[in-house]
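Containing compact mmCIF, C-alpha atoms and all ligand atoms: entry04.txt.
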# COMPACT_ATOMS: atom_id res chain seq x y z
CA MET A 1 -15.25 13.44 -2.07
CA SER A 2 -14.63 9.72 -1.90
CA GLY A 3 -11.87 9.95 0.66
CA GLU A 4 -9.72 7.64 -1.45
CA CYS A 5 -6.07 8.51 -1.35
CA GLY A 6 -4.91 9.72 -4.77
CA VAL A 7 -1.44 8.23 -4.46
CA CYS A 8 -2.77 4.81 -3.33
CA ALA A 9 -5.12 4.95 -6.34
CA ILE A 10 -2.14 5.60 -8.63
CA HIS A 11 -0.19 2.76 -7.05
CA ARG A 12 -3.09 0.36 -7.65
CA SER A 13 -4.05 1.54 -11.14
CA ALA A 14 -3.01 -0.69 -14.03
CA THR A 15 -3.00 2.38 -16.30
CA ALA A 16 -0.82 4.44 -13.97
CA ARG A 17 1.61 1.55 -13.64
CA ALA A 18 2.70 2.26 -17.22
CA ASP A 19 4.47 5.31 -15.73
CA PHE A 20 6.42 3.21 -13.20
CA ALA A 21 10.15 2.90 -13.71
CA TRP A 22 10.85 0.90 -10.54
CA GLU A 23 9.24 -0.27 -7.34
CA SER A 24 10.14 -2.13 -4.18
CA THR A 25 8.33 -3.10 -1.01
CA ARG A 26 8.37 0.46 0.25
CA TRP A 27 8.94 2.78 -2.78
CA VAL A 28 7.66 3.63 -6.25
CA LEU A 29 9.61 5.61 -8.84
CA ARG A 30 7.15 6.83 -11.47
CA HIS A 31 7.01 9.47 -14.15
CA HIS A 32 4.74 12.47 -13.63
CA ARG A 33 1.32 11.79 -15.10
CA ASN A 34 0.19 13.33 -18.36
CA PRO A 35 0.22 16.31 -18.75
CA ALA A 36 3.81 16.13 -17.58
CA PRO A 37 5.69 19.40 -17.24
CA LEU A 38 8.99 17.99 -18.55
CA ASN A 39 10.24 14.75 -20.02
CA GLY A 40 12.06 13.02 -17.18
CA TRP A 41 10.04 14.58 -14.32
CA PHE A 42 9.74 11.62 -11.96
CA LEU A 43 8.29 11.17 -8.49
CA LEU A 44 9.65 8.95 -5.77
CA ASP A 45 6.74 7.89 -3.54
CA SER A 46 6.56 6.06 -0.26
CA LYS A 47 3.98 3.28 -0.45
CA ARG A 48 3.14 3.73 3.20
CA HIS A 49 1.09 6.64 4.44
CA VAL A 50 3.83 8.82 5.85
CA GLY A 51 3.57 12.52 5.15
CA SER A 52 7.12 13.60 5.82
CA ALA A 53 10.62 12.19 5.89
CA ALA A 54 10.65 13.47 9.46
CA ASP A 55 8.20 10.65 10.25
CA PHE A 56 10.06 7.80 8.51
CA ASP A 57 10.58 4.60 10.46
CA ALA A 58 14.13 3.29 10.87
CA VAL A 59 14.05 1.15 7.71
CA GLU A 60 12.65 3.96 5.54
CA GLU A 61 15.24 6.30 6.94
CA ARG A 62 18.05 3.95 5.92
CA GLU A 63 16.64 3.16 2.47
CA PHE A 64 15.52 6.58 1.33
CA ALA A 65 18.92 8.14 0.70
CA GLY A 66 20.03 5.17 -1.38
CA VAL A 67 16.83 5.04 -3.42
CA LEU A 68 16.93 8.80 -3.96
CA ALA A 69 20.58 8.82 -5.05
CA ARG A 70 20.11 5.90 -7.40
CA SER A 71 16.98 7.45 -8.94
CA MET A 72 18.71 10.79 -9.42
CA ARG A 73 21.71 9.16 -11.10
CA ALA A 74 19.44 7.22 -13.47
CA ILE A 75 17.46 10.35 -14.42
CA ARG A 76 20.63 12.40 -14.85
CA GLU A 77 22.13 9.78 -17.16
CA VAL A 78 18.99 9.12 -19.22
CA LEU A 79 18.13 12.78 -19.72
CA GLY A 80 21.74 13.83 -20.18
CA VAL A 81 21.42 16.68 -17.69
CA PRO A 82 24.01 17.99 -15.23
CA ARG A 83 21.70 17.79 -12.20
CA VAL A 84 18.32 16.74 -10.90
CA TYR A 85 16.29 18.93 -8.58
CA VAL A 86 14.47 17.43 -5.59
CA VAL A 87 11.31 19.11 -4.31
CA MET A 88 9.22 17.76 -1.45
CA PHE A 89 6.24 19.84 -0.43
CA GLY A 90 4.07 17.07 1.03
CA GLU A 91 0.87 19.05 0.50
CA GLY A 92 -0.94 16.93 -2.07
CA ALA A 93 -1.02 13.51 -0.41
CA HIS A 94 -0.18 11.72 2.80
CA HIS A 95 2.77 9.96 1.16
CA VAL A 96 6.30 11.25 0.91
CA HIS A 97 6.57 12.08 -2.79
CA ALA A 98 9.78 13.68 -3.95
CA HIS A 99 9.58 15.44 -7.30
CA LEU A 100 12.78 14.58 -9.19
CA ILE A 101 13.17 17.22 -11.89
CA PRO A 102 15.83 17.06 -14.60
CA ARG A 103 17.59 20.41 -14.99
CA ASP A 104 18.29 20.81 -18.69
CA PRO A 105 20.24 24.05 -19.29
CA THR A 106 19.04 24.10 -22.92
CA ILE A 107 15.41 24.57 -21.78
CA GLU A 108 15.03 28.21 -20.83
CA GLY A 109 12.58 28.96 -18.05
CA THR A 110 13.25 25.83 -15.99
CA ALA A 111 16.11 27.00 -13.75
CA ALA A 112 15.57 26.88 -9.99
CA TRP A 113 12.26 28.45 -8.87
CA ALA A 114 11.27 29.25 -12.48
CA VAL A 115 10.46 25.55 -12.84
CA ALA A 116 7.45 26.14 -10.55
CA ASP A 117 6.07 28.73 -13.00
CA TRP A 118 6.76 26.27 -15.83
CA TYR A 119 4.86 23.56 -13.93
CA ARG A 120 1.82 25.79 -13.39
CA ALA A 121 1.83 26.95 -17.04
CA VAL A 122 1.62 23.31 -18.21
CA GLN A 123 -1.14 22.49 -15.70
CA VAL A 124 -3.36 25.37 -16.92
CA GLY A 125 -2.67 24.80 -20.61
CA GLY A 126 -0.43 27.83 -21.13
CA ARG A 127 2.45 25.65 -22.20
CA LEU A 128 2.53 22.30 -24.00
CA PRO A 129 3.19 19.23 -21.87
CA ALA A 130 6.10 16.91 -22.56
CA ASP A 131 5.71 14.45 -25.44
CA PRO A 132 4.28 11.14 -24.15
CA ALA A 133 6.36 9.14 -26.66
CA GLN A 134 9.59 10.68 -25.34
CA ILE A 135 8.40 10.08 -21.78
CA GLY A 136 7.80 6.42 -22.58
CA GLN A 137 11.38 6.10 -23.78
CA SER A 138 12.69 7.81 -20.65
CA ILE A 139 10.68 5.51 -18.38
CA ALA A 140 12.05 2.45 -20.16
CA ARG A 141 15.63 3.70 -19.96
CA VAL A 142 15.37 4.72 -16.28
CA ALA A 143 13.75 1.34 -15.56
CA ALA A 144 16.70 -0.42 -17.19
CA LEU A 145 19.16 1.50 -15.01
CA MET A 146 17.10 0.88 -11.87
CA GLN A 147 16.89 -2.86 -12.51
CA GLY A 148 18.61 -4.78 -9.81
CA ALA A 149 18.28 -1.92 -7.37
CA VAL A 150 17.58 -4.23 -4.47
CA ILE A 151 17.38 -1.90 -1.56
CA SER A 152 16.80 -4.28 1.30
ZN ZN B 201 -2.34 6.61 0.10

Would you mind giving the structure from this file in structure tokens?
Ligand SMILES: [Zn+2]
Amino acid sequence: MSGECGVCAIHRSATARADFAWESTRWVLRHHRNPAPLNGWFLLDSKRHVGSAADFDAVEEREFAGVLARSMRAIREVLGVPRVYVVMFGEGAHHVHAHLIPRDPTIEGTAAWAVADWYRAVQVGGRLPADPAQIGQSIARVAALMQGAVIS
């Protein structure tokens, strides 16, 4: 094991940056990497190594709610869904990374906790991942809505 942080590697990778919809000094809004469980499944990452919102500094604490709300509105509008789920486990990396999951009522098997089974099925190949071409369009449209989101 190299010890390199996976999220820092994503933030530095030119390839991974294609999945970015928005970034600021402290935050990155990016689409879930391929294979993505759903079109519109984004992650909001802290750039700093902070494992939990409980450990935010004062600036992060002030900014996070605004960035989260703005991201959720953009995803809701672009995907045309009534709501966006937010899941923060904090197990995979020492960065706050909120999974922002569009809840599309026309996609059976993605309501509430069932979306976790859906996620695992995609990761093990039991279900097809979201179409990268559609994801590219969603990233571009979310990016357009996030433009000008100057947080501080
Ligand atoms: Zn890191």

Please report the interatomic distance between atom CA of A:Leu128 and atom CA of A:Met72 in Å with one decimal.
24.6 Å

Given a cut-off of 12 Å, what residues near ligand ZN 201 (chain B) show up using all atoms listed in the file, put as a CSV table (one decimal) with C-alpha atoms, keeping the file's coordinate frame?
chain,number,residue,atom,x,y,z
A,3,GLY,CA,-11.9,10.0,0.7
A,4,GLU,CA,-9.7,7.6,-1.4
A,5,CYS,CA,-6.1,8.5,-1.4
A,6,GLY,CA,-4.9,9.7,-4.8
A,7,VAL,CA,-1.4,8.2,-4.5
A,8,CYS,CA,-2.8,4.8,-3.3
A,9,ALA,CA,-5.1,5.0,-6.3
A,10,ILE,CA,-2.1,5.6,-8.6
A,11,HIS,CA,-0.2,2.8,-7.0
A,12,ARG,CA,-3.1,0.4,-7.6
A,45,ASP,CA,6.7,7.9,-3.5
A,46,SER,CA,6.6,6.1,-0.3
A,47,LYS,CA,4.0,3.3,-0.4
A,48,ARG,CA,3.1,3.7,3.2
A,49,HIS,CA,1.1,6.6,4.4
A,50,VAL,CA,3.8,8.8,5.8
A,51,GLY,CA,3.6,12.5,5.2
A,92,GLY,CA,-0.9,16.9,-2.1
A,93,ALA,CA,-1.0,13.5,-0.4
A,94,HIS,CA,-0.2,11.7,2.8
A,95,HIS,CA,2.8,10.0,1.2
A,96,VAL,CA,6.3,11.2,0.9
A,97,HIS,CA,6.6,12.1,-2.8

Separation of atom CA of A:Gly126 from atom CA of A:Val86 in Å:
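Here the two named atoms are 23.9 Å from each other.
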
What is the distance, in Å and to one decimal place, between atom CA of A:Gly90 and atom CA of A:Leu43?
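Between these atoms lies a distance of 12.0 Å.
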
Tell me which protein, DNA and RNA residues are within 9 Å of stretch 114-116 of chain A, counting all atoms listed in the file, leaving out same-chain ones fewer than 4 positions away, and put them as JSON, numbers by chain.
{"A": [37, 101, 109, 110, 120, 121]}

Can you tell me, as an MDAnalysis selection string, what residues are no more than 9 Å from A:Tyr85 when counting all atoms listed in the file, ignoring any on the same chain fewer than 6 positions away?
chainID A and resid 72 99:103 112

Among listed residues A:Arg83, A:Phe56, A:Thr25, A:Arg70, nearest A:Ala111 (using all atoms listed in the file):
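Going through A:Arg83, A:Phe56, A:Thr25, A:Arg70 one by one, the smallest distance to A:Ala111 is for A:Arg83.
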
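Proximity of A:Ala53, A:Met146, A:Val122, A:Ala140 to A:Leu38, computed with all atoms listed in the file, is greatest for A:Val122.
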
Hey, what's within 10 Å of A:Glu77 if we count only C-alpha atoms and toss same-chain stuff fewer than 4 positions away? As JSON, numbers by chain, please?
{"A": [71, 72, 73, 81, 82, 83, 102, 141, 142, 145]}

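Considering the residues A:Pro35, A:Gly40, A:Gly125, A:Gly136 and counting only C-alpha atoms, A:Val78 has its shortest atom-to-atom contact with A:Gly40.
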